[in-house]
file final26.cif (mmCIF, C-alpha atoms and all ligand atoms)
data_final
loop_
_atom_site.label_atom_id
_atom_site.label_comp_id
_atom_site.auth_asym_id
_atom_site.auth_seq_id
_atom_site.Cartn_x
_atom_site.Cartn_y
_atom_site.Cartn_z
CA MET A 1 5.61 79.62 93.06
CA ALA A 2 7.17 76.20 92.61
CA ARG A 3 8.10 74.44 95.83
CA ILE A 4 9.88 71.36 97.08
CA ILE A 5 7.48 69.04 98.88
CA GLY A 6 9.93 66.31 99.85
CA GLY A 7 12.96 64.27 98.99
CA ILE A 8 13.93 60.73 98.10
CA GLY A 9 17.26 58.97 98.33
CA THR A 10 17.43 55.79 96.28
CA SER A 11 19.93 53.29 94.95
CA HIS A 12 20.17 52.97 91.17
CA VAL A 13 21.55 49.46 90.80
CA PRO A 14 21.13 48.40 87.15
CA THR A 15 20.02 44.87 88.10
CA ILE A 16 16.94 46.44 89.75
CA GLY A 17 15.94 47.42 86.21
CA VAL A 18 16.68 43.91 84.91
CA ALA A 19 14.66 42.29 87.72
CA TYR A 20 11.82 44.76 87.11
CA ASP A 21 11.73 44.04 83.38
CA LYS A 22 11.75 40.29 84.02
CA GLY A 23 8.80 40.61 86.42
CA ARG A 24 10.69 39.31 89.47
CA GLN A 25 8.80 41.54 91.92
CA GLU A 26 7.41 38.49 93.80
CA ASP A 27 10.60 36.41 93.61
CA PRO A 28 11.62 35.79 97.26
CA VAL A 29 15.14 37.17 96.75
CA TRP A 30 13.87 40.36 95.10
CA ALA A 31 10.62 40.92 97.03
CA PRO A 32 12.33 42.68 99.98
CA LEU A 33 13.56 45.26 97.49
CA PHE A 34 10.35 45.78 95.53
CA GLU A 35 8.14 45.70 98.65
CA GLY A 36 10.33 48.44 100.10
CA TYR A 37 9.48 50.76 97.21
CA LYS A 38 5.69 50.34 97.48
CA PRO A 39 5.29 52.90 100.30
CA VAL A 40 7.40 55.34 98.27
CA ALA A 41 5.25 54.89 95.18
CA LYS A 42 2.15 55.32 97.37
CA TRP A 43 3.57 58.48 98.94
CA LEU A 44 4.25 59.92 95.49
CA ALA A 45 0.77 58.93 94.28
CA GLU A 46 -0.72 60.82 97.24
CA LYS A 47 1.54 63.87 97.01
CA GLN A 48 1.22 64.08 93.23
CA PRO A 49 4.39 66.02 92.46
CA ASP A 50 4.54 67.56 88.99
CA VAL A 51 8.30 67.15 88.82
CA LEU A 52 10.99 64.78 90.05
CA LEU A 53 14.30 66.64 90.09
CA PHE A 54 17.09 64.08 89.98
CA PHE A 55 20.67 64.41 91.14
CA TYR A 56 22.09 61.33 89.47
CA ASN A 57 25.12 60.21 87.57
CA ASP A 58 25.59 59.11 84.03
CA HIS A 59 27.69 55.91 83.85
CA ALA A 60 29.60 56.93 80.74
CA THR A 61 26.55 56.18 78.63
CA THR A 62 25.01 59.49 77.60
CA LEU A 63 28.40 61.15 77.82
CA PHE A 64 31.86 59.77 77.15
CA PHE A 65 35.15 60.74 78.74
CA ASP A 66 36.23 62.79 75.73
CA LEU A 67 34.00 65.49 77.22
CA TYR A 68 32.81 64.61 80.67
CA PRO A 69 31.14 67.46 82.56
CA THR A 70 31.24 67.93 86.33
CA PHE A 71 27.59 69.01 86.42
CA ALA A 72 25.23 68.72 83.45
CA LEU A 73 21.55 69.52 83.19
CA GLY A 74 19.33 67.84 80.61
CA VAL A 75 16.88 69.95 78.63
CA GLY A 76 14.16 68.30 76.59
CA GLU A 77 10.53 67.19 76.38
CA ARG A 78 11.58 63.57 76.00
CA PHE A 79 14.65 61.55 76.96
CA PRO A 80 14.80 57.98 75.71
CA ILE A 81 16.03 55.38 78.20
CA ALA A 82 19.50 54.29 77.14
CA ASP A 83 20.72 51.03 75.66
CA GLU A 84 23.65 50.15 77.94
CA GLY A 85 24.82 47.11 76.03
CA ALA A 86 21.87 44.77 76.55
CA GLY A 87 19.30 46.45 74.29
CA LEU A 88 16.29 48.67 75.01
CA ARG A 89 13.97 48.30 78.00
CA GLY A 90 10.49 48.95 76.65
CA LEU A 91 9.75 51.86 78.99
CA PRO A 92 8.29 55.12 77.69
CA ASP A 93 10.67 58.03 77.21
CA ILE A 94 11.24 60.13 80.31
CA ARG A 95 9.22 63.37 80.10
CA GLY A 96 10.58 66.87 80.58
CA ASP A 97 9.28 70.43 81.03
CA VAL A 98 11.66 72.53 78.96
CA ASP A 99 10.69 75.85 80.48
CA PHE A 100 11.25 74.62 84.02
CA GLN A 101 14.52 72.88 83.13
CA ALA A 102 15.77 76.03 81.39
CA HIS A 103 14.81 78.14 84.41
CA ILE A 104 16.74 75.85 86.77
CA GLY A 105 19.73 76.09 84.42
CA GLU A 106 19.58 79.87 84.23
CA ALA A 107 19.16 80.27 87.97
CA LEU A 108 22.08 77.93 88.75
CA VAL A 109 24.46 79.57 86.29
CA ASN A 110 23.57 82.96 87.73
CA GLU A 111 24.50 81.54 91.14
CA GLU A 112 27.89 80.61 89.66
CA PHE A 113 27.21 76.91 89.18
CA ASP A 114 28.52 76.81 85.62
CA LEU A 115 26.75 73.71 84.39
CA ALA A 116 27.01 71.99 81.06
CA PHE A 117 23.74 71.32 79.24
CA PHE A 118 22.75 68.29 77.20
CA GLN A 119 19.84 67.85 74.84
CA ASN A 120 18.43 65.02 72.77
CA LYS A 121 20.34 62.29 74.60
CA PRO A 122 19.28 59.03 76.23
CA ILE A 123 19.47 58.65 80.03
CA ASP A 124 20.88 55.54 81.73
CA HIS A 125 20.21 53.56 84.91
CA GLY A 126 21.25 56.52 87.07
CA ILE A 127 17.58 57.54 86.75
CA ALA A 128 16.00 54.67 84.81
CA SER A 129 16.71 51.96 87.40
CA PRO A 130 14.57 53.42 90.22
CA LEU A 131 12.10 55.50 88.15
CA PRO A 132 9.55 52.73 87.38
CA LEU A 133 9.57 51.77 91.08
CA LEU A 134 8.63 55.33 91.98
CA TRP A 135 6.17 56.28 89.27
CA PRO A 136 3.75 54.27 87.11
CA HIS A 137 4.44 54.41 83.39
CA GLU A 138 1.31 53.12 81.71
CA PRO A 139 0.27 54.70 79.47
CA ASP A 140 2.89 57.34 80.35
CA TRP A 141 4.77 58.83 83.30
CA PRO A 142 2.56 61.11 85.45
CA GLY A 143 5.06 63.99 85.55
CA THR A 144 8.27 65.45 84.25
CA VAL A 145 11.92 65.06 85.24
CA VAL A 146 14.75 67.55 85.68
CA PRO A 147 17.95 65.53 85.23
CA ILE A 148 21.08 66.96 86.86
CA ALA A 149 24.06 64.69 86.19
CA ILE A 150 27.03 64.79 88.56
CA ASN A 151 30.45 63.40 87.68
CA VAL A 152 31.24 60.62 90.15
CA LEU A 153 33.35 58.59 87.69
CA GLN A 154 36.37 60.57 86.57
CA TYR A 155 38.49 62.25 89.24
CA PRO A 156 38.60 65.11 90.10
CA LEU A 157 34.98 64.77 91.24
CA PRO A 158 33.10 67.72 92.72
CA THR A 159 33.55 67.73 96.49
CA ALA A 160 30.85 66.60 98.88
CA ARG A 161 30.50 70.21 100.00
CA ARG A 162 30.06 71.44 96.42
CA CYS A 163 27.26 68.94 95.85
CA TYR A 164 25.52 70.02 99.05
CA ARG A 165 25.75 73.64 97.95
CA LEU A 166 24.41 72.73 94.53
CA GLY A 167 21.35 71.34 96.29
CA GLN A 168 20.94 74.58 98.25
CA ALA A 169 21.12 76.57 95.01
CA VAL A 170 18.57 74.25 93.40
CA ARG A 171 16.12 75.01 96.19
CA ARG A 172 16.42 78.74 95.48
CA ALA A 173 16.08 78.04 91.77
CA VAL A 174 12.90 76.03 92.29
CA GLU A 175 11.38 78.65 94.57
CA SER A 176 12.02 81.43 92.08
CA TYR A 177 9.85 79.76 89.42
CA PRO A 178 6.48 81.47 89.16
CA GLU A 179 4.32 78.48 88.24
CA ASP A 180 2.83 76.42 91.11
CA LEU A 181 4.76 73.22 90.53
CA LYS A 182 5.21 70.59 93.21
CA VAL A 183 8.74 69.22 93.12
CA VAL A 184 10.31 66.20 94.81
CA VAL A 185 14.11 66.14 94.82
CA VAL A 186 15.75 62.76 94.34
CA GLY A 187 19.36 61.77 94.97
CA THR A 188 20.40 58.43 93.49
CA GLY A 189 23.24 55.96 94.06
CA GLY A 190 24.78 54.00 96.91
CA LEU A 191 24.79 52.95 99.57
CA SER A 192 27.94 50.91 100.31
CA HIS A 193 29.38 48.99 97.38
CA GLN A 194 32.59 48.48 95.47
CA ILE A 195 32.45 46.85 92.07
CA HIS A 196 35.96 47.10 90.69
CA GLY A 197 39.41 45.81 91.64
CA GLU A 198 40.32 43.24 94.28
CA ARG A 199 38.27 45.14 96.86
CA THR A 200 35.06 44.34 94.93
CA GLY A 201 32.27 43.22 97.23
CA PHE A 202 33.12 45.59 100.08
CA ASN A 203 30.13 46.63 102.19
CA ASN A 204 29.71 48.43 105.50
CA THR A 205 26.21 48.37 106.94
CA GLU A 206 27.25 50.14 110.13
CA TRP A 207 28.53 53.08 108.08
CA ASP A 208 25.46 53.04 105.82
CA LEU A 209 23.12 53.42 108.79
CA ASP A 210 25.37 56.08 110.31
CA PHE A 211 25.36 57.92 106.97
CA LEU A 212 21.54 57.93 106.90
CA GLU A 213 21.29 59.33 110.45
CA THR A 214 23.89 61.99 109.79
CA LEU A 215 22.43 62.92 106.42
CA ARG A 216 19.05 63.53 108.02
CA ASP A 217 20.19 65.41 111.11
CA GLU A 218 23.67 66.86 110.55
CA PRO A 219 24.37 66.88 106.82
CA GLU A 220 27.10 69.52 107.13
CA ARG A 221 29.28 66.89 108.84
CA LEU A 222 29.16 64.73 105.71
CA THR A 223 30.34 67.64 103.58
CA GLN A 224 33.69 67.54 105.40
CA LEU A 225 34.57 64.03 104.22
CA THR A 226 36.93 63.56 101.28
CA HIS A 227 36.20 61.22 98.41
CA ALA A 228 38.83 58.87 99.84
CA ASP A 229 36.88 58.86 103.14
CA TYR A 230 33.72 57.78 101.31
CA VAL A 231 35.66 55.12 99.40
CA ARG A 232 37.31 53.77 102.54
CA LEU A 233 34.07 53.73 104.53
CA GLY A 234 31.61 52.55 101.90
CA GLY A 235 33.57 51.20 98.92
CA ALA A 236 34.79 52.91 95.76
CA GLU A 237 31.47 53.35 94.00
CA SER A 238 29.69 54.51 97.16
CA VAL A 239 31.33 57.88 96.55
CA GLU A 240 28.18 58.55 94.51
CA GLN A 241 26.46 59.20 97.85
CA ILE A 242 27.59 62.80 97.34
CA MET A 243 24.48 62.93 95.13
CA TRP A 244 22.36 62.22 98.21
CA LEU A 245 24.06 65.27 99.73
CA ALA A 246 22.90 67.38 96.78
CA MET A 247 19.33 66.17 97.42
CA ARG A 248 19.76 66.91 101.14
CA GLY A 249 21.01 70.42 100.39
CA ALA A 250 17.74 71.16 98.61
CA LEU A 251 15.72 70.27 101.72
CA GLY A 252 15.12 72.25 104.92
CA ALA A 253 17.04 71.95 108.19
CA SER A 254 14.71 69.64 110.06
CA LEU A 255 13.57 66.47 108.33
CA GLU A 256 11.16 63.66 109.05
CA GLU A 257 12.12 60.31 107.56
CA MET A 258 8.79 59.00 106.30
CA HIS A 259 10.02 55.62 105.10
CA ARG A 260 13.24 53.66 104.84
CA ASN A 261 14.10 50.33 103.24
CA TYR A 262 17.60 48.84 103.37
CA TYR A 263 18.35 45.58 101.60
CA LEU A 264 21.87 44.30 101.09
CA MET A 265 21.35 41.33 98.79
CA THR A 266 24.65 40.78 96.99
CA THR A 267 27.02 43.69 96.42
CA THR A 268 25.13 46.97 96.84
CA ALA A 269 23.27 48.04 99.95
CA MET A 270 20.05 48.85 98.09
CA THR A 271 18.33 51.63 99.96
CA VAL A 272 15.38 53.94 99.57
CA VAL A 273 14.38 56.73 101.97
CA THR A 274 11.70 59.41 101.74
CA TYR A 275 11.89 62.69 103.58
CA GLU A 276 9.48 65.48 104.38
CA GLU A 277 10.39 68.72 106.03
CA ARG A 278 9.34 68.55 109.66
CA GLU A 279 7.25 71.71 109.47
CA THR A 280 5.39 70.11 106.62
CA ALA A 281 4.85 66.88 108.55
CA ALA A 282 3.53 68.82 111.56
CA ALA A 283 1.25 70.92 109.37
CA ALA A 284 -0.09 67.79 107.71
CA GLN A 285 -0.80 66.24 111.11
CA GLN A 286 -2.62 69.36 112.21
CA ARG A 287 -4.71 69.32 109.05
CA GLU A 288 -5.62 65.70 109.70
CA GLN A 289 -6.68 66.53 113.26
CA GLU A 290 -8.80 69.39 112.01
CA VAL A 291 -10.51 67.12 109.50
CA ALA A 292 -11.11 64.54 112.24
CA MET B 1 53.54 62.59 87.78
CA PHE B 2 51.52 61.90 90.92
CA THR B 3 48.26 63.57 91.68
CA GLN B 4 48.10 66.35 94.25
CA ASN B 5 44.31 66.05 94.52
CA PRO B 6 43.73 66.12 98.32
CA GLN B 7 40.42 64.27 97.83
CA THR B 8 42.12 61.08 96.67
CA VAL B 9 44.84 60.77 99.30
CA ALA B 10 44.94 57.38 101.09
CA MET B 11 42.68 55.36 98.83
CA PRO B 12 42.39 51.75 100.05
CA GLU B 13 44.23 48.93 98.29
CA GLY B 14 42.47 47.03 95.53
CA THR B 15 40.91 50.30 94.34
CA TYR B 16 41.95 52.02 91.10
CA VAL B 17 41.33 55.73 90.86
CA PHE B 18 40.11 56.62 87.38
CA ASP B 19 41.45 60.13 86.92
CA LEU B 20 42.37 62.48 84.09
CA ARG B 21 45.84 60.98 83.63
CA THR B 22 44.51 57.43 83.48
CA CYS B 23 41.77 58.48 81.13
CA ASN B 24 44.22 60.27 78.88
CA ARG B 25 46.43 57.18 78.67
CA ARG B 26 43.55 54.81 77.96
CA LEU B 27 40.97 56.88 76.13
CA ALA B 28 40.84 54.60 73.07
CA PHE B 29 40.60 51.51 75.28
CA ASN B 30 37.73 53.04 77.24
CA ARG B 31 36.04 54.12 74.01
CA PHE B 32 36.23 50.58 72.65
CA PHE B 33 34.08 49.36 75.56
CA TRP B 34 31.83 52.43 75.54
CA ASN B 35 31.00 51.77 71.89
CA MET B 36 29.18 48.59 72.96
CA ILE B 37 26.08 50.67 73.71
CA ARG B 38 25.53 50.66 69.91
CA PRO B 39 24.09 47.48 68.32
CA GLU B 40 26.42 47.89 65.28
CA ALA B 41 29.51 47.83 67.50
CA ARG B 42 28.25 44.73 69.32
CA GLN B 43 27.64 43.00 65.99
CA ALA B 44 31.05 44.01 64.69
CA PHE B 45 32.64 42.52 67.82
CA TRP B 46 30.68 39.25 67.49
CA ASP B 47 31.56 39.05 63.79
CA ASP B 48 35.31 39.59 64.16
CA GLU B 49 36.87 40.48 67.50
CA GLU B 50 40.32 41.08 66.08
CA ALA B 51 39.08 43.43 63.38
CA ALA B 52 36.93 45.30 65.91
CA MET B 53 39.93 45.79 68.21
CA ARG B 54 42.18 46.95 65.37
CA ALA B 55 39.54 49.39 64.12
CA ALA B 56 39.31 50.84 67.65
CA GLY B 57 43.08 51.40 67.68
CA LEU B 58 43.90 49.19 70.68
CA ASP B 59 47.58 48.54 71.35
CA ASP B 60 49.06 45.03 71.71
CA GLU B 61 48.77 44.98 75.49
CA GLU B 62 45.12 46.03 75.36
CA MET B 63 44.28 43.44 72.70
CA ALA B 64 45.92 40.72 74.80
CA LEU B 65 43.83 41.74 77.82
CA VAL B 66 40.63 41.53 75.78
CA ARG B 67 41.57 38.14 74.26
CA ALA B 68 42.36 36.79 77.72
CA ARG B 69 39.08 38.18 79.14
CA ASP B 70 41.31 39.54 81.90
CA TRP B 71 38.72 41.64 83.75
CA LEU B 72 41.00 42.66 86.60
CA GLY B 73 43.87 43.37 84.22
CA ILE B 74 41.64 45.62 82.14
CA VAL B 75 40.64 47.59 85.24
CA GLN B 76 44.26 47.79 86.39
CA ALA B 77 45.27 49.05 82.96
CA GLY B 78 42.92 52.00 83.41
CA VAL B 79 39.44 51.16 82.16
CA ASN B 80 36.48 52.53 84.06
CA PHE B 81 34.20 49.73 85.27
CA PHE B 82 31.09 51.45 83.89
CA VAL B 83 32.24 51.16 80.29
CA LEU B 84 33.58 47.66 80.98
CA GLU B 85 30.16 46.45 82.17
CA LYS B 86 28.69 47.35 78.77
CA TRP B 87 31.10 44.86 77.20
CA ALA B 88 30.20 42.29 79.88
CA ARG B 89 26.71 42.23 78.36
CA VAL B 90 28.23 41.62 74.92
CA VAL B 91 30.28 38.61 76.08
CA ARG B 92 27.30 37.43 78.14
CA LYS B 93 28.77 37.80 81.58
CA THR B 94 26.66 39.03 84.47
CA ASN B 95 28.15 41.63 86.79
CA LEU B 96 28.19 39.08 89.63
CA GLU B 97 30.32 36.75 87.50
CA VAL B 98 32.73 39.59 86.71
CA TYR B 99 32.93 40.53 90.41
CA ALA B 100 33.93 36.96 91.32
CA ILE B 101 36.66 36.97 88.67
CA MET B 102 38.07 40.31 89.86
CA ARG B 103 38.31 38.87 93.40
CA GLY B 104 40.04 35.75 92.12
CA GLU B 105 37.20 33.50 93.26
CA SER B 106 34.91 31.01 91.60
CA PHE B 107 31.34 32.22 91.18
CA GLU B 108 30.10 29.81 93.88
CA GLU B 109 32.85 30.87 96.31
CA PHE B 110 32.00 34.51 95.74
CA MET B 111 28.26 34.00 96.23
CA GLN B 112 28.92 32.25 99.55
CA THR B 113 30.37 35.54 100.80
CA ARG B 114 27.12 37.40 100.01
CA ALA B 115 24.16 38.11 102.30
CA VAL B 116 21.77 36.24 99.98
CA PRO B 117 24.01 33.58 98.40
CA HIS B 118 21.32 32.17 96.10
CA ALA B 119 20.38 35.59 94.69
CA ARG B 120 20.81 36.03 90.95
FE FE A 301 26.09 54.37 89.93
#
call {"tool": "encode", "arguments": {"input": "final26.cif", "output": "structure tokens", "more": "lines below"}}
Ligand SMILES: [Fe+2]
result
Amino acid sequence: MARIIGGIGTSHVPTIGVAYDKGRQEDPVWAPLFEGYKPVAKWLAEKQPDVLLFFYNDHATTLFFDLYPTFALGVGERFPIADEGAGLRGLPDIRGDVDFQAHIGEALVNEEFDLAFFQNKPIDHGIASPLPLLWPHEPDWPGTVVPIAINVLQYPLPTARRCYRLGQAVRRAVESYPEDLKVVVVGTGGLSHQIHGERTGFNNTEWDLDFLETLRDEPERLTQLTHADYVRLGGAESVEQIMWLAMRGALGASLEEMHRNYYLMTTTAMTVVTYEERETAAAAQQREQEVA
Amino acid sequence: MFTQNPQTVAMPEGTYVFDLRTCNRRLAFNRFFWNMIRPEARQAFWDDEEAAMRAAGLDDEEMALVRARDWLGIVQAGVNFFVLEKWARVVRKTNLEVYAIMRGESFEEFMQTRAVPHAR
């Protein structure tokens, strides 16, 4: 049986990708960001998941507004990383496991999440910004990706509650797959930022930290907020934090935060958090004691 | 016709909700910027801006906004920032520079408001 072994919430700021490609990992202004991802990469290297299942958004790159789906699942063995106006990035194509992706799609539709499906399309910074900070890519990525795109651009967006429930359905979908795959669920985007209009540059660290506490311990409370609440509290584009709620919905009730990094450099509160289910953390501790 | 979407009630000022009505009004304008993900469209824009805008079917108001590099005006007209940022790459503007312009500040003024003012 496939199972979820943990979760990650991560920003997907496109300039992270630019800084990565330019080799600015040691640059004093960028180091607090890149250093903050090292424990996450190490955690993934130790846990060795077969699959990263992403709840992310497309930024009108793969898909245009002439047909913009609320939820869309990508199916394919390879997804090129998109040209978003500045050329290609020189990263290997993202890998996929078609049978697993198709199973997730079938299971979700049968649970009445009527997704759209895309094939043979590039994927943008919604996944590609954080991915090389999570996984090595030379000579190739160590595992496959399930991309689930959520519309956070064109209103009406799916509600916070709907995203949380999507995550819950994804957990059941994963656990109904017969092969023993280890899956980490990832929600991308946020935290506070606004990057359009006169309100550009809005941040709210107090709310960001409150969001992280509530997401871990009482996620249902966050499902009651409207999109306008998210926009007011965290800035217009922070509404994409509903994708963190989808990730949270796929995890168990009681979570251990294994690592957190929060770095507000210019306009986006760049954040990464890793979660394990508390039962799992306790079991791991017990195993360690037994070994000792 | 105003929206009855309960999720978007009481949006803060200086925020422009990109919804189905906006998108319907400005689909061609949004598509013009979206096209910049293709190298041929970028080249066509560099070669002849006016011809590129005409080929995309922009109206007079939209063409004037592009000529004026009026970033805030373009957003206010109903363009989603995520297609606009693709064009920012084409006219060699960083996002931070565009943010400063939308706030009506010089780049240096804007950066002084940031947590790490010398970040680039
Ligand atoms: Fe985003």
call {"tool": "residues_around", "arguments": {"input": "final26.cif", "residues": "region 36-51 of chain B", "least_positions_apart": "3", "cutoff": "8 Å", "atoms": "only C-alpha atoms", "output": "PyMOL selection string"}}
result
(chain A and resi 61+83-87) or (chain B and resi 32-33+54-55+86-87+90)
call {"tool": "residues_near_ligand", "arguments": {"input": "final26.cif", "ligand": "ligand FE 301 (chain A)", "cutoff": "7 Å", "atoms": "all atoms listed in the file", "output": "number ranges by chain"}}
result
A: 12-13, 57, 59, 126, 189, 237, 240
call {"tool": "closest_residue", "arguments": {"input": "final26.cif", "among": "B:Ala64, B:Ile74, B:Val91, B:Leu20", "to": "chain A", "atoms": "only C-alpha atoms"}}
result
B:Leu20
call {"tool": "interface_residues", "arguments": {"input": "final26.cif", "of": "chain A", "to": "chain B", "cutoff": "9 Å", "atoms": "all atoms listed in the file", "output": "MDAnalysis selection string"}}
result
chainID A and resid 15 29:30 59:61 64:66 82:87 153:157 159 194:201 225:229 231:232 235:236 264:267
call {"tool": "atom_distance", "arguments": {"input": "final26.cif", "atom1": "CA of Ile104 (chain A)", "atom2": "CA of Lys47 (chain A)"}}
result
21.9 Å
call {"tool": "atom_distance", "arguments": {"input": "final26.cif", "atom1": "CA of Leu84 (chain B)", "atom2": "CA of Leu191 (chain A)"}}
result
21.2 Å
call {"tool": "closest_residue", "arguments": {"input": "final26.cif", "among": "A:Ala2, A:Ile8, A:Ala149, A:Ala19", "to": "Cys163 (chain A)", "atoms": "only C-alpha atoms"}}
result
A:Ala149
call {"tool": "residues_around", "arguments": {"input": "final26.cif", "residues": "region 215-218 of chain A", "least_positions_apart": "3", "cutoff": "8 Å", "atoms": "only C-alpha atoms", "output": "short mmCIF file (atom, residue, chain, number, x, y, z; two decimals) with C-alpha atoms, in the frame of the given file"}}
result
data_model
loop_
_atom_site.label_atom_id
_atom_site.label_comp_id
_atom_site.auth_asym_id
_atom_site.auth_seq_id
_atom_site.Cartn_x
_atom_site.Cartn_y
_atom_site.Cartn_z
CA PHE A 211 25.36 57.92 106.97
CA LEU A 212 21.54 57.93 106.90
CA ARG A 221 29.28 66.89 108.84
CA LEU A 222 29.16 64.73 105.71
CA LEU A 245 24.06 65.27 99.73
CA ARG A 248 19.76 66.91 101.14
CA ALA A 253 17.04 71.95 108.19
CA SER A 254 14.71 69.64 110.06
CA LEU A 255 13.57 66.47 108.33
CA GLU A 256 11.16 63.66 109.05
CA GLU A 257 12.12 60.31 107.56
#
call {"tool": "closest_residue", "arguments": {"input": "final26.cif", "among": "B:Glu109, B:Arg26, B:Lys93, B:Val66", "to": "Ala52 (chain B)", "atoms": "all atoms listed in the file"}}
result
B:Val66
call {"tool": "closest_residue", "arguments": {"input": "final26.cif", "among": "A:Ala283, A:Arg161, A:Val273, A:Leu133", "to": "Ala45 (chain A)", "atoms": "only C-alpha atoms"}}
result
A:Leu133
call {"tool": "closest_residue", "arguments": {"input": "final26.cif", "among": "A:Arg165, A:Arg95, A:Arg24, A:His103", "to": "Glu220 (chain A)", "atoms": "all atoms listed in the file"}}
result
A:Arg165
call {"tool": "closest_residue", "arguments": {"input": "final26.cif", "among": "A:Ala284, A:Leu63, A:Ile4, A:Val239", "to": "Gly167 (chain A)", "atoms": "all atoms listed in the file"}}
result
A:Ile4
